[in-house]
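protein-v8.txt follows (compact mmCIF, C-alpha atoms):
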```
# COMPACT_ATOMS: atom_id res chain seq x y z
CA MET A 1 -30.74 31.14 -1.10
CA GLU A 2 -27.20 29.93 -0.41
CA GLY A 3 -25.69 31.52 -3.52
CA GLU A 4 -27.64 34.78 -3.44
CA ASN A 5 -27.12 37.70 -1.15
CA PRO A 6 -30.56 38.47 0.28
CA ILE A 7 -29.43 41.95 1.37
CA GLU A 8 -29.01 43.14 -2.23
CA ASP A 9 -32.75 42.78 -2.90
CA ARG A 10 -33.59 45.97 -1.00
CA GLY A 11 -30.22 47.71 -1.17
CA PHE A 12 -27.06 47.42 0.85
CA LEU A 13 -27.59 50.83 2.49
CA ALA A 14 -30.85 49.87 4.19
CA ALA A 15 -29.33 49.34 7.64
CA PRO A 16 -27.32 52.60 7.81
CA LEU A 17 -30.15 54.65 6.30
CA THR A 18 -32.62 53.19 8.77
CA PHE A 19 -30.21 53.95 11.60
CA PHE A 20 -29.73 57.55 10.47
CA LEU A 21 -33.49 57.95 10.10
CA VAL A 22 -33.96 56.80 13.70
CA VAL A 23 -31.17 59.15 14.86
CA ALA A 24 -32.86 62.03 13.03
CA PHE A 25 -36.15 61.32 14.81
CA GLN A 26 -34.37 61.19 18.17
CA LEU A 27 -32.52 64.45 17.50
CA LEU A 28 -35.75 66.19 16.47
CA SER A 29 -37.45 64.93 19.60
CA LYS A 30 -34.61 66.12 21.82
CA TRP A 31 -34.49 69.50 20.07
CA LEU A 32 -38.23 69.95 20.58
CA ASP A 33 -37.95 69.03 24.27
CA GLN A 34 -35.09 71.47 24.80
CA LEU A 35 -36.94 74.18 22.93
CA GLN A 36 -39.98 73.63 25.14
CA LYS A 37 -37.86 73.78 28.31
CA LYS A 38 -36.17 76.98 27.15
CA GLY A 39 -39.52 78.48 26.21
CA SER A 40 -41.11 77.74 29.58
CA SER A 41 -38.12 78.81 31.68
CA ASN A 42 -37.21 81.82 29.55
CA ASN A 43 -39.51 84.70 30.40
CA ASN A 44 -39.89 86.08 26.93
CA THR A 45 -41.42 89.47 27.65
CA ASN A 46 -43.41 90.97 24.85
CA THR A 47 -44.71 94.50 24.56
CA LYS A 48 -48.07 93.95 26.27
CA GLU A 49 -46.46 92.22 29.24
CA ALA A 50 -43.79 94.92 29.56
CA GLU A 51 -46.44 97.64 29.28
CA LEU A 52 -48.54 96.07 32.05
CA ARG A 53 -45.50 95.71 34.31
CA SER A 54 -44.54 99.36 33.80
CA GLU A 55 -48.11 100.49 34.51
CA ILE A 56 -48.16 98.48 37.74
CA LYS A 57 -44.86 99.98 38.86
CA GLN A 58 -46.04 103.48 38.02
CA LEU A 59 -49.31 103.03 39.92
CA LEU A 60 -47.50 101.68 42.98
CA ARG A 61 -45.01 104.57 42.87
CA GLU A 62 -47.85 107.07 42.74
CA ALA A 63 -49.64 105.31 45.60
CA THR A 64 -46.56 105.39 47.84
CA ALA A 65 -46.01 109.06 47.02
CA LEU A 66 -49.48 109.83 48.40
CA SER A 67 -48.76 109.15 52.06
CA GLN A 68 -50.74 112.05 53.51
CA PRO A 69 -53.93 111.30 55.50
CA ALA A 70 -55.89 113.55 53.17
CA THR A 71 -54.82 111.54 50.09
CA PHE A 72 -55.40 108.10 51.63
CA ALA A 73 -58.50 107.42 49.50
CA GLN A 74 -56.66 108.28 46.29
CA ALA A 75 -53.69 106.06 47.31
CA ALA A 76 -56.05 103.16 48.08
CA LYS A 77 -57.71 103.61 44.69
CA LEU A 78 -54.29 103.48 42.96
CA ARG A 79 -53.34 100.31 44.91
CA ARG A 80 -56.62 98.64 43.89
CA SER A 81 -55.96 99.64 40.30
CA ALA A 82 -52.45 98.14 40.54
CA ALA A 83 -53.90 94.92 42.00
CA THR A 84 -56.34 94.72 39.08
CA LYS A 85 -53.48 95.20 36.62
CA GLU A 86 -51.49 92.46 38.40
CA LYS A 87 -54.42 90.05 37.99
CA GLU A 88 -54.68 91.01 34.33
CA LEU A 89 -50.93 90.41 33.92
CA ALA A 90 -51.15 87.00 35.62
CA LEU A 91 -54.02 85.97 33.35
CA TYR A 92 -52.14 87.16 30.28
CA VAL A 93 -48.95 85.30 31.24
CA GLU A 94 -50.92 82.13 32.02
CA GLN A 95 -52.74 82.26 28.68
CA HIS A 96 -49.50 82.99 26.82
CA ASN A 97 -47.73 80.01 28.45
CA LYS A 98 -50.73 77.78 27.79
CA ASP A 99 -50.68 78.71 24.08
CA ILE A 100 -46.95 78.04 23.83
CA ASN A 101 -47.22 74.65 25.56
CA LEU A 102 -50.15 73.73 23.33
CA SER A 103 -48.10 74.43 20.22
CA TYR A 104 -45.17 72.37 21.55
CA ASP A 105 -47.56 69.51 22.34
CA LEU A 106 -48.94 69.69 18.81
CA TYR A 107 -45.44 69.52 17.30
CA GLY A 108 -44.58 66.62 19.61
CA ASN A 109 -47.70 64.71 18.59
CA VAL A 110 -47.00 65.29 14.90
CA LEU A 111 -43.42 64.07 15.39
CA ASN A 112 -44.58 60.94 17.24
CA ALA A 113 -47.25 60.19 14.64
CA SER A 114 -44.78 60.56 11.78
CA LYS A 115 -42.31 58.34 13.65
CA VAL A 116 -44.95 55.62 14.02
CA VAL A 117 -45.94 55.86 10.36
CA VAL A 118 -42.33 55.69 9.16
CA TYR A 119 -41.56 52.75 11.46
CA LEU A 120 -44.63 50.89 10.22
CA ILE A 121 -43.65 51.52 6.61
CA LEU A 122 -40.15 50.24 7.32
CA VAL A 123 -41.48 47.14 9.08
CA LEU A 124 -43.86 46.37 6.22
CA TRP A 125 -41.20 47.02 3.60
CA PHE A 126 -38.48 44.91 5.24
CA TRP A 127 -40.65 42.21 6.82
CA ARG A 128 -39.23 38.73 6.21
CA THR A 129 -36.22 40.39 4.54
CA PRO A 130 -32.90 40.75 6.34
CA ILE A 131 -31.72 44.30 6.76
CA ALA A 132 -28.16 43.35 7.68
CA MET A 133 -25.93 40.31 7.88
CA ILE A 134 -23.52 39.79 10.78
CA ALA A 135 -21.07 36.99 11.45
CA LYS A 136 -22.47 34.46 13.91
CA GLN A 137 -19.42 34.72 16.21
CA LEU A 138 -20.01 38.44 16.83
CA VAL A 139 -23.54 38.02 18.16
CA GLN A 140 -23.28 34.53 19.64
CA PRO A 141 -25.86 34.66 22.45
CA PHE A 142 -28.26 37.01 20.64
CA GLY A 143 -28.33 35.51 17.15
CA ARG A 144 -31.87 34.14 17.26
CA LEU A 145 -33.20 37.35 18.77
CA LEU A 146 -31.61 39.51 16.07
CA SER A 147 -32.82 37.26 13.27
CA TRP A 148 -36.46 37.45 14.37
CA GLY A 149 -38.67 38.32 11.44
CA THR A 150 -36.17 37.60 8.65
CA GLY A 151 -37.50 34.21 7.60
CA GLY A 152 -34.19 32.77 6.47
CA HIS A 153 -30.78 31.67 7.70
CA LEU A 154 -27.38 31.64 6.11
CA THR A 155 -24.65 29.38 7.38
CA GLY A 156 -22.11 31.23 9.48
CA HIS A 157 -24.12 34.46 9.44
CA VAL A 158 -27.01 35.94 11.36
CA MET A 159 -29.63 37.81 9.41
CA VAL A 160 -30.82 40.90 11.29
CA GLY A 161 -34.54 41.62 11.04
CA ILE A 162 -36.11 45.05 10.86
CA ILE A 163 -37.80 45.01 14.28
CA PRO A 164 -34.64 44.12 16.24
CA TRP A 165 -32.73 46.65 14.11
CA LEU A 166 -35.22 49.41 14.91
CA ILE A 167 -35.07 48.58 18.63
CA LEU A 168 -31.28 48.52 18.61
CA SER A 169 -31.07 51.71 16.54
CA THR A 170 -33.45 53.49 18.91
CA ARG A 171 -31.43 52.52 21.97
CA VAL A 172 -28.14 53.54 20.38
CA SER A 173 -29.54 56.82 19.07
CA LYS A 174 -30.94 57.72 22.51
CA TYR A 175 -27.48 57.11 23.95
CA VAL A 176 -25.83 59.20 21.23
CA CYS A 177 -28.34 62.04 21.70
CA LYS A 178 -27.34 62.37 25.35
CA PHE A 179 -24.06 63.91 24.17
CA VAL A 180 -25.56 66.33 21.65
CA ASP A 181 -26.38 69.87 22.73
CA PHE A 182 -28.38 72.37 20.72
```
This structure in structure tokens:
Amino acid sequence: MEGENPIEDRGFLAAPLTFFLVVAFQLLSKWLDQLQKKGSSNNNTNTKEAELRSEIKQLLREATALSQPATFAQAAKLRRSAATKEKELALYVEQHNKDINLSYDLYGNVLNASKVVVYLILVLWFWRTPIAMIAKQLVQPFGRLLSWGTGGHLTGHVMVGIIPWLILSTRVSKYVCKFVDF
């Protein structure tokens, strides 16, 4: 093992590709979270909601126009009708928001499941195989931690295992994603 380069077995681009894969998962997760926040805070009025709001306004205008004692019963009937429309509007908005949040939750669960599957495939593929090689002086106190799961040592170098690389890549990508806006 001294004369061979154990990194060349699986390709020399394994570490950067794994890192960019982790960054892509983090960016997708952040984009989905921001989309969900925009969707819940943004009152996206559709035609049914706008129609109900205009009907409520019209009914209330008609009820206030009928201020005579002789038309009190008709005004009360219009106010009750407006109150019924307001309840219908509240139920519609609640159901609409519930449907939207359910779809975002579904996308989030699919993203998390695919992330777990990809990470497991990477761990199984690169288990006991170093994903990167770093000079021992650069990672002096953390050398044994980074080489966990590689199964071999090279003099003067630390072999980085897949699990520590995934953990490190996740932490770095979360930090990088803080500065990205969609």
Selection as a ChimeraX atom specification: residues within 12 Å of (-38.9, 65.3, 16.8), counting all atoms listed in the file: /A:21-36,104-116
Atomic distance atom CA of A:Ile56 - atom CA of A:Ala82, expressed in Å with one decimal: 5.1 Å
Residues within 6 Å of (-31.9, 37.8, 9.4), counting all atoms listed in the file, listed as a PyMOL selection string: chain A and resi 130+147+150+158-161
Residue nearest A:Phe19 among A:Leu122, A:Val117, A:Val93, A:Leu78 (counting all atoms listed in the file): A:Leu122
Separation of atom CA of A:Leu124 from atom CA of A:Ile162, in Å and rounded to one decimal: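 Separating atom CA of A:Leu124 from atom CA of A:Ile162 is a distance of 9.1 Å.
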Axis-aligned box over every listed atom of stretch 67-86 of chain A, padded by 4 Å per side: centre and edges in Å to one decimal, as JSON?
```
{"center_x": -53.6, "center_y": 103.0, "center_z": 46.1, "size_x": 17.7, "size_y": 29.1, "size_z": 26.9}
```
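With atom CA of A:Val176 on one side and atom CA of A:Ile121 on the other, the separation reads 24.3 Å.
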Residue among A:Met133, A:Lys37, A:Gln68, A:Val118 lying closest to A:Asn97, counting all atoms listed in the file: A:Lys37
So that I can see what lies close to A:Glu88, please list as a tab-separated table (two decimals) with C-alpha atoms, keeping the file's coordinate frame the residues with an atom at most 12 Å from it, counting all atoms listed in the file and leaving out residues fewer than 3 positions away in the same chain.
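To be explicit, this is the file written out as selection.tsv:
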```tsv
chain	number	residue	atom	x	y	z
A	48	LYS	CA	-48.07	93.95	26.27
A	49	GLU	CA	-46.46	92.22	29.24
A	51	GLU	CA	-46.44	97.64	29.28
A	52	LEU	CA	-48.54	96.07	32.05
A	53	ARG	CA	-45.50	95.71	34.31
A	55	GLU	CA	-48.11	100.49	34.51
A	56	ILE	CA	-48.16	98.48	37.74
A	81	SER	CA	-55.96	99.64	40.30
A	82	ALA	CA	-52.45	98.14	40.54
A	83	ALA	CA	-53.90	94.92	42.00
A	84	THR	CA	-56.34	94.72	39.08
A	85	LYS	CA	-53.48	95.20	36.62
A	91	LEU	CA	-54.02	85.97	33.35
A	92	TYR	CA	-52.14	87.16	30.28
A	93	VAL	CA	-48.95	85.30	31.24
A	94	GLU	CA	-50.92	82.13	32.02
A	95	GLN	CA	-52.74	82.26	28.68
```
Top pick for closest residue to A:Lys77, considering A:Leu59, A:Ala15, A:Leu145, A:Ile131 and counting only C-alpha atoms: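 Among the listed residues, A:Leu59 lies closest to A:Lys77.
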Once N, CA and C atoms are restored for stretch 45-75 of chain A, what would the output be as a tab-separated table (two decimals), in the frame of the given file?
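So the final result, stored in out-v5.tsv, reads:
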```tsv
chain	number	residue	atom	x	y	z
A	45	THR	N	-40.49	88.36	27.44
A	45	THR	CA	-41.42	89.47	27.65
A	45	THR	C	-41.73	90.12	26.32
A	46	ASN	N	-43.00	90.26	26.05
A	46	ASN	CA	-43.41	90.97	24.85
A	46	ASN	C	-43.89	92.36	25.24
A	47	THR	N	-44.38	93.10	24.30
A	47	THR	CA	-44.71	94.50	24.56
A	47	THR	C	-45.88	94.66	25.51
A	48	LYS	N	-46.91	93.82	25.38
A	48	LYS	CA	-48.07	93.95	26.27
A	48	LYS	C	-47.68	93.64	27.71
A	49	GLU	N	-46.88	92.59	27.90
A	49	GLU	CA	-46.46	92.22	29.24
A	49	GLU	C	-45.58	93.31	29.85
A	50	ALA	N	-44.67	93.85	29.07
A	50	ALA	CA	-43.79	94.92	29.56
A	50	ALA	C	-44.60	96.18	29.87
A	51	GLU	N	-45.59	96.47	29.05
A	51	GLU	CA	-46.44	97.64	29.28
A	51	GLU	C	-47.23	97.50	30.59
A	52	LEU	N	-47.79	96.30	30.81
A	52	LEU	CA	-48.54	96.07	32.05
A	52	LEU	C	-47.63	96.17	33.28
A	53	ARG	N	-46.43	95.63	33.18
A	53	ARG	CA	-45.50	95.71	34.31
A	53	ARG	C	-45.12	97.17	34.62
A	54	SER	N	-44.90	97.95	33.57
A	54	SER	CA	-44.54	99.36	33.80
A	54	SER	C	-45.72	100.14	34.39
A	55	GLU	N	-46.94	99.83	33.94
A	55	GLU	CA	-48.11	100.49	34.51
A	55	GLU	C	-48.28	100.15	35.99
A	56	ILE	N	-48.05	98.90	36.34
A	56	ILE	CA	-48.16	98.48	37.74
A	56	ILE	C	-47.13	99.21	38.60
A	57	LYS	N	-45.90	99.27	38.11
A	57	LYS	CA	-44.86	99.98	38.86
A	57	LYS	C	-45.20	101.45	39.04
A	58	GLN	N	-45.69	102.06	37.96
A	58	GLN	CA	-46.04	103.48	38.02
A	58	GLN	C	-47.18	103.72	39.01
A	59	LEU	N	-48.20	102.88	38.99
A	59	LEU	CA	-49.31	103.03	39.92
A	59	LEU	C	-48.86	102.87	41.38
A	60	LEU	N	-47.99	101.89	41.61
A	60	LEU	CA	-47.50	101.68	42.98
A	60	LEU	C	-46.61	102.83	43.43
A	61	ARG	N	-45.83	103.40	42.52
A	61	ARG	CA	-45.01	104.57	42.87
A	61	ARG	C	-45.89	105.76	43.25
A	62	GLU	N	-46.93	105.97	42.45
A	62	GLU	CA	-47.85	107.07	42.74
A	62	GLU	C	-48.57	106.86	44.06
A	63	ALA	N	-48.93	105.60	44.35
A	63	ALA	CA	-49.64	105.31	45.60
A	63	ALA	C	-48.74	105.53	46.81
A	64	THR	N	-47.47	105.17	46.70
A	64	THR	CA	-46.56	105.39	47.84
A	64	THR	C	-46.22	106.86	48.00
A	65	ALA	N	-46.28	107.63	46.92
A	65	ALA	CA	-46.01	109.06	47.02
A	65	ALA	C	-47.14	109.79	47.76
A	66	LEU	N	-48.33	109.23	47.71
A	66	LEU	CA	-49.48	109.83	48.40
A	66	LEU	C	-49.59	109.25	49.81
A	67	SER	N	-48.77	109.69	50.71
A	67	SER	CA	-48.76	109.15	52.06
A	67	SER	C	-49.45	110.06	53.08
A	68	GLN	N	-50.04	111.13	52.62
A	68	GLN	CA	-50.74	112.05	53.51
A	68	GLN	C	-52.10	111.46	53.91
A	69	PRO	N	-52.61	111.78	55.12
A	69	PRO	CA	-53.93	111.30	55.50
A	69	PRO	C	-55.04	111.82	54.59
A	70	ALA	N	-54.86	112.99	54.04
A	70	ALA	CA	-55.89	113.55	53.17
A	70	ALA	C	-55.94	112.84	51.82
A	71	THR	N	-54.87	112.21	51.39
A	71	THR	CA	-54.82	111.54	50.09
A	71	THR	C	-54.89	110.02	50.23
A	72	PHE	N	-55.33	109.55	51.39
A	72	PHE	CA	-55.40	108.10	51.63
A	72	PHE	C	-56.37	107.42	50.65
A	73	ALA	N	-57.51	108.02	50.39
A	73	ALA	CA	-58.50	107.42	49.50
A	73	ALA	C	-57.94	107.30	48.08
A	74	GLN	N	-57.24	108.31	47.64
A	74	GLN	CA	-56.66	108.28	46.29
A	74	GLN	C	-55.56	107.21	46.21
A	75	ALA	N	-54.73	107.08	47.28
A	75	ALA	CA	-53.69	106.06	47.31
A	75	ALA	C	-54.30	104.66	47.30
```
